[in-house]
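Colleague: Here you go, my_file33.tsv (TSV, C-alpha atoms and all ligand atoms):
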chain	number	residue	atom	x	y	z
A	1	MET	CA	-3.98	5.51	-56.14
A	2	SER	CA	-1.83	3.48	-58.58
A	3	LYS	CA	-3.46	0.31	-57.30
A	4	ASP	CA	-6.85	1.71	-58.20
A	5	LEU	CA	-5.67	2.71	-61.67
A	6	SER	CA	-4.34	-0.76	-62.41
A	7	ILE	CA	-7.60	-2.27	-61.22
A	8	ASN	CA	-9.50	0.04	-63.56
A	9	PHE	CA	-7.23	-0.96	-66.44
A	10	VAL	CA	-7.80	-4.67	-65.89
A	11	LEU	CA	-11.54	-4.04	-65.57
A	12	ILE	CA	-11.74	-3.54	-69.33
A	13	LYS	CA	-10.51	-7.08	-69.94
A	14	SER	CA	-12.49	-8.99	-67.36
A	15	ILE	CA	-15.38	-6.99	-65.98
A	16	SER	CA	-17.27	-9.60	-64.00
A	17	PHE	CA	-14.29	-10.72	-61.83
A	18	PHE	CA	-12.75	-7.29	-61.29
A	19	THR	CA	-16.01	-5.63	-60.40
A	20	ILE	CA	-15.84	-7.64	-57.18
A	21	MET	CA	-12.21	-6.60	-56.67
A	22	LYS	CA	-13.07	-2.97	-57.24
A	23	TYR	CA	-15.91	-3.04	-54.74
A	24	SER	CA	-13.77	-4.66	-52.11
A	25	SER	CA	-11.06	-2.04	-52.67
A	26	ILE	CA	-13.64	0.73	-52.22
A	27	THR	CA	-14.76	-0.88	-48.99
A	28	LEU	CA	-11.12	-1.03	-47.85
A	29	LEU	CA	-10.55	2.64	-48.71
A	30	ALA	CA	-13.72	3.64	-46.86
A	31	ALA	CA	-12.58	1.70	-43.81
A	32	LEU	CA	-9.14	3.31	-43.97
A	33	SER	CA	-10.48	6.84	-44.20
A	34	LEU	CA	-12.81	6.20	-41.27
A	35	GLY	CA	-9.79	5.02	-39.32
A	36	LEU	CA	-7.89	8.20	-40.21
A	37	TYR	CA	-10.79	10.35	-39.09
A	38	SER	CA	-10.94	8.74	-35.70
A	39	CYS	CA	-7.16	9.18	-35.28
A	40	GLY	CA	-7.53	12.88	-36.03
A	41	GLY	CA	-9.55	13.32	-32.87
A	42	ASP	CA	-12.64	14.61	-34.65
A	43	LEU	CA	-15.00	12.13	-33.10
A	44	PRO	CA	-18.63	12.18	-34.16
A	45	LYS	CA	-20.99	13.53	-31.52
A	46	GLY	CA	-22.20	11.10	-28.89
A	47	THR	CA	-19.09	8.90	-28.84
A	48	GLU	CA	-17.68	10.37	-25.60
A	49	THR	CA	-18.57	7.80	-22.97
A	50	PRO	CA	-19.26	8.58	-19.29
A	51	GLU	CA	-16.19	6.47	-18.32
A	52	PHE	CA	-13.94	8.75	-20.35
A	53	LYS	CA	-15.26	11.80	-18.50
A	54	MET	CA	-14.65	10.13	-15.14
A	55	ASP	CA	-11.02	9.38	-16.09
A	56	LYS	CA	-10.46	12.99	-17.04
A	57	GLU	CA	-11.83	14.16	-13.69
A	58	ALA	CA	-9.74	11.69	-11.69
A	59	SER	CA	-6.48	12.65	-13.39
A	60	VAL	CA	-6.89	16.24	-12.21
A	61	MET	CA	-5.99	15.28	-8.62
A	62	ASP	CA	-2.35	14.45	-7.90
A	63	THR	CA	-1.65	11.80	-5.27
A	64	VAL	CA	2.12	11.57	-5.72
A	65	LEU	CA	3.95	14.77	-6.55
A	66	HIS	CA	7.08	14.00	-8.55
A	67	LEU	CA	9.46	16.92	-8.60
A	68	GLU	CA	12.81	16.96	-10.34
A	69	ALA	CA	15.47	19.64	-10.59
A	70	GLY	CA	18.94	19.56	-12.08
A	71	ASP	CA	21.95	21.82	-12.42
A	72	ASP	CA	19.80	24.09	-14.59
A	73	MET	CA	18.01	25.27	-11.41
A	74	LYS	CA	14.47	24.51	-12.59
A	75	PHE	CA	11.62	22.40	-11.27
A	76	ASN	CA	10.11	20.05	-13.85
A	77	ARG	CA	6.61	21.03	-12.66
A	78	THR	CA	5.23	24.14	-11.02
A	79	ALA	CA	1.57	23.31	-10.41
A	80	PHE	CA	-0.16	20.47	-8.59
A	81	THR	CA	-3.69	19.87	-7.39
A	82	ILE	CA	-4.37	17.65	-4.40
A	83	ALA	CA	-7.38	16.64	-2.34
A	84	ALA	CA	-7.97	18.31	1.03
A	85	GLY	CA	-7.42	16.05	4.03
A	86	LYS	CA	-5.72	13.31	2.03
A	87	GLU	CA	-2.09	12.35	2.64
A	88	VAL	CA	0.15	12.84	-0.40
A	89	THR	CA	3.75	11.94	-1.07
A	90	LEU	CA	6.15	14.40	-2.63
A	91	THR	CA	9.35	13.09	-4.16
A	92	LEU	CA	12.29	15.31	-5.07
A	93	LYS	CA	15.04	14.06	-7.35
A	94	HIS	CA	18.19	16.05	-8.08
A	95	THR	CA	19.00	15.07	-11.65
A	96	GLY	CA	22.18	17.15	-11.81
A	97	LYS	CA	25.80	16.47	-10.87
A	98	MET	CA	26.68	19.49	-8.76
A	99	GLU	CA	27.20	19.24	-5.02
A	100	LYS	CA	24.75	20.33	-2.37
A	101	ASN	CA	26.93	23.33	-1.42
A	102	ALA	CA	26.89	24.75	-4.94
A	103	MET	CA	23.51	23.63	-6.34
A	104	GLY	CA	21.45	22.29	-3.46
A	105	HIS	CA	17.70	21.83	-3.88
A	106	ASN	CA	14.85	21.33	-1.46
A	107	VAL	CA	11.09	21.83	-1.46
A	108	VAL	CA	9.49	24.06	1.16
A	109	ILE	CA	5.69	24.18	1.14
A	110	LEU	CA	4.37	27.40	2.63
A	111	LYS	CA	1.04	28.02	4.30
A	112	ALA	CA	-1.67	29.68	2.22
A	113	GLY	CA	-1.12	33.44	2.09
A	114	GLU	CA	2.65	33.26	2.75
A	115	GLU	CA	4.94	34.74	0.12
A	116	VAL	CA	7.72	32.87	-1.62
A	117	ARG	CA	9.79	36.03	-1.89
A	118	ALA	CA	9.51	36.98	1.77
A	119	TYR	CA	10.27	33.46	2.95
A	120	GLY	CA	13.08	32.91	0.45
A	121	ASN	CA	14.81	36.18	1.34
A	122	GLU	CA	15.01	35.24	5.01
A	123	ALA	CA	15.58	31.52	4.64
A	124	GLN	CA	18.59	31.86	2.35
A	125	LYS	CA	20.57	33.40	5.24
A	126	ALA	CA	20.24	30.22	7.31
A	127	LYS	CA	23.03	28.08	5.85
A	128	GLU	CA	23.58	26.18	9.11
A	129	GLU	CA	19.93	25.04	9.04
A	130	ASP	CA	19.97	24.05	5.34
A	131	TYR	CA	17.97	27.19	4.51
A	132	ALA	CA	14.84	26.01	6.33
A	133	PRO	CA	15.29	27.78	9.67
A	134	GLN	CA	13.32	27.04	12.81
A	135	SER	CA	12.61	30.77	13.15
A	136	LEU	CA	10.38	30.61	10.03
A	137	ALA	CA	8.71	27.29	10.85
A	138	ALA	CA	5.36	28.97	11.54
A	139	LYS	CA	5.08	29.87	7.84
A	140	VAL	CA	5.74	26.30	6.68
A	141	ILE	CA	3.49	23.27	6.11
A	142	ALA	CA	6.38	20.88	5.47
A	143	HIS	CA	9.78	20.74	3.80
A	144	THR	CA	12.20	18.18	2.43
A	145	LYS	CA	15.87	18.05	3.34
A	146	LEU	CA	18.41	19.76	1.12
A	147	ILE	CA	19.97	17.45	-1.49
A	148	GLY	CA	22.79	17.56	-4.05
A	149	GLY	CA	23.30	16.05	-7.51
A	150	GLY	CA	22.22	12.41	-7.86
A	151	GLU	CA	20.29	12.38	-4.57
A	152	SER	CA	16.58	11.90	-3.88
A	153	THR	CA	14.33	12.55	-0.95
A	154	GLU	CA	10.66	12.32	-0.14
A	155	LEU	CA	8.09	13.85	2.11
A	156	LYS	CA	4.56	12.95	3.18
A	157	PHE	CA	2.08	15.62	4.14
A	158	THR	CA	-1.62	16.35	4.47
A	159	ILE	CA	-3.33	19.71	4.01
A	160	ALA	CA	-6.79	19.95	5.49
A	161	GLU	CA	-7.87	23.38	4.25
A	162	PRO	CA	-8.58	24.08	0.57
A	163	GLY	CA	-6.51	26.92	-0.84
A	164	GLU	CA	-3.34	27.79	-2.73
A	165	TYR	CA	-0.09	26.77	-1.10
A	166	PRO	CA	3.13	28.14	-2.60
A	167	PHE	CA	6.27	25.99	-2.69
A	168	LEU	CA	9.87	26.90	-3.36
A	169	CYS	CA	13.46	25.78	-3.23
A	170	SER	CA	15.02	27.87	-0.48
A	171	PHE	CA	18.66	27.46	-1.55
A	172	PRO	CA	20.15	30.97	-1.97
A	173	GLY	CA	19.05	32.62	-5.18
A	174	HIS	CA	16.79	29.76	-6.35
A	175	TYR	CA	13.34	30.89	-5.24
A	176	PRO	CA	12.74	33.48	-8.03
A	177	ILE	CA	12.76	30.57	-10.52
A	178	MET	CA	12.24	27.45	-8.44
A	179	LYS	CA	8.70	27.96	-7.19
A	180	GLY	CA	5.17	26.80	-7.80
A	181	ILE	CA	1.69	26.34	-6.38
A	182	ILE	CA	-0.07	23.39	-4.81
A	183	THR	CA	-3.81	23.86	-5.10
A	184	VAL	CA	-5.82	22.03	-2.46
A	185	LYS	CA	-9.44	21.25	-3.32
A	201	CU	CU	17.28	24.79	-5.72
Turn the structure described in the file into structure tokens.
Modeller:
Amino acid sequence: MSKDLSINFVLIKSISFFTIMKYSSITLLAALSLGLYSCGGDLPKGTETPEFKMDKEASVMDTVLHLEAGDDMKFNRTAFTIAAGKEVTLTLKHTGKMEKNAMGHNVVILKAGEEVRAYGNEAQKAKEEDYAPQSLAAKVIAHTKLIGGGESTELKFTIAEPGEYPFLCSFPGHYPIMKGIITVK
């Protein structure tokens, strides 16, 4: 604004030269405001390209599921969408410091229709099997091992049938908070 005012002031003295300056400053301002508009996300109609739409669609499917949980007993994500019949990798990282005995985490993926609560209630009794007992294996698609602070583990699995597959951490008392859904499409 002050730049414009000074230009206007000098205009009185030397009109012919500063008329050019003034016009170029208007052009600059117009360019700047156009730039601001496009940053604001209010794009004019017709500027959304087909490529952009394709990217949006592709990012909906997860191919690697990165899960993290710390001593705060929470998963960093609770919803994933994967493609039916395609192998995916799930990684689990324990970002906390507590030991496996006190704050262990795992990921158990249940079959569609199984309940986190029902599974978690039974599984948490099976300390000697790291809370993923063989007796409940029929309800499970796959599960990671149980890990403590600073550890990581990973798991590869494929789900053929579309549906909603619940997952949980089956360490005692964790499943009411540490749970989520993997949607298979
Ligand atoms: Cu846990």
Colleague: Determine, counting only C-alpha atoms, which protein, DNA and RNA residues have an atom within 6 Å of an atom of stretch 116-132 of chain A; residues of the same chain fewer than 2 positions away are not included. Present the result as an MDAnalysis selection string.
Modeller: chainID A and resid 170:172
Colleague: As a quick test: using all atoms listed in the file, which residues lie no more than 8 Å away from ligand CU 201 (chain A)? Give them as a PyMOL selection string.
Modeller: chain A and resi 69+73-74+103-106+169-172+174-175+178
Colleague: Go through A:Lys100, A:Pro166, A:Ile109, A:Lys179 and flag the residue nearest A:Leu146, using all atoms listed in the file for the distances.
Modeller: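 Closest residue, counting all atoms listed in the file: A:Lys100.
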Colleague: Rounded to one decimal, what separation in Å do you get between atom CA of A:Val88 and atom CA of A:Ser135?
Modeller: 25.7 Å
Colleague: I need the residue nearest A:Asp62 from this list: A:Phe80, A:Ser152, A:Thr158, A:Phe75. Use all atoms listed in the file for the distance.
Modeller: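 That would be A:Phe80, the residue with the smallest distance to A:Asp62.
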Colleague: In the coordinate frame of the file, compute which residues have an atom within 10 Å of (4.8, 21.4, 4.1) when using all atoms listed in the file, and state them as a PyMOL selection string.
Modeller: chain A and resi 90+107-111+137+139-144+155-159+165-167
Colleague: Export, as a short mmCIF file (atom, residue, chain, number, x, y, z; two decimals), in the coordinates of the input, the selected residues with C-alpha atoms.
Modeller:
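Listed below is the output, again_18.cif:
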data_model
loop_
_atom_site.label_atom_id
_atom_site.label_comp_id
_atom_site.auth_asym_id
_atom_site.auth_seq_id
_atom_site.Cartn_x
_atom_site.Cartn_y
_atom_site.Cartn_z
CA LEU A 90 6.15 14.40 -2.63
CA VAL A 107 11.09 21.83 -1.46
CA VAL A 108 9.49 24.06 1.16
CA ILE A 109 5.69 24.18 1.14
CA LEU A 110 4.37 27.40 2.63
CA LYS A 111 1.04 28.02 4.30
CA ALA A 137 8.71 27.29 10.85
CA LYS A 139 5.08 29.87 7.84
CA VAL A 140 5.74 26.30 6.68
CA ILE A 141 3.49 23.27 6.11
CA ALA A 142 6.38 20.88 5.47
CA HIS A 143 9.78 20.74 3.80
CA THR A 144 12.20 18.18 2.43
CA LEU A 155 8.09 13.85 2.11
CA LYS A 156 4.56 12.95 3.18
CA PHE A 157 2.08 15.62 4.14
CA THR A 158 -1.62 16.35 4.47
CA ILE A 159 -3.33 19.71 4.01
CA TYR A 165 -0.09 26.77 -1.10
CA PRO A 166 3.13 28.14 -2.60
CA PHE A 167 6.27 25.99 -2.69
#
Colleague: Rank A:Gly85, A:Thr63, A:Glu99, A:Glu68 by their smallest atom-to-atom distance to A:Ile147, using only C-alpha atoms, and report the top residue only.
Modeller: A:Glu99
Colleague: Go through A:Met98, A:Ala79, A:Met61, A:Leu67 and flag the residue nearest A:Ile182, using all atoms listed in the file for the distances.
Modeller: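 Smallest distance to A:Ile182 is found for A:Ala79.
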Colleague: I'd like the contact shell of A:Ala84 - 9 Å cut-off, all atoms listed in the file, skipping same-chain residues fewer than 6 positions apart - returned as a ChimeraX atom specification.
Modeller: /A:158-163,184-185
Colleague: Pull C-alpha atoms from the residues just selected and write them as a CSV table (one decimal), in the coordinates of the input.
Modeller:
chain,number,residue,atom,x,y,z
A,158,THR,CA,-1.6,16.4,4.5
A,159,ILE,CA,-3.3,19.7,4.0
A,160,ALA,CA,-6.8,20.0,5.5
A,161,GLU,CA,-7.9,23.4,4.2
A,162,PRO,CA,-8.6,24.1,0.6
A,163,GLY,CA,-6.5,26.9,-0.8
A,184,VAL,CA,-5.8,22.0,-2.5
A,185,LYS,CA,-9.4,21.2,-3.3
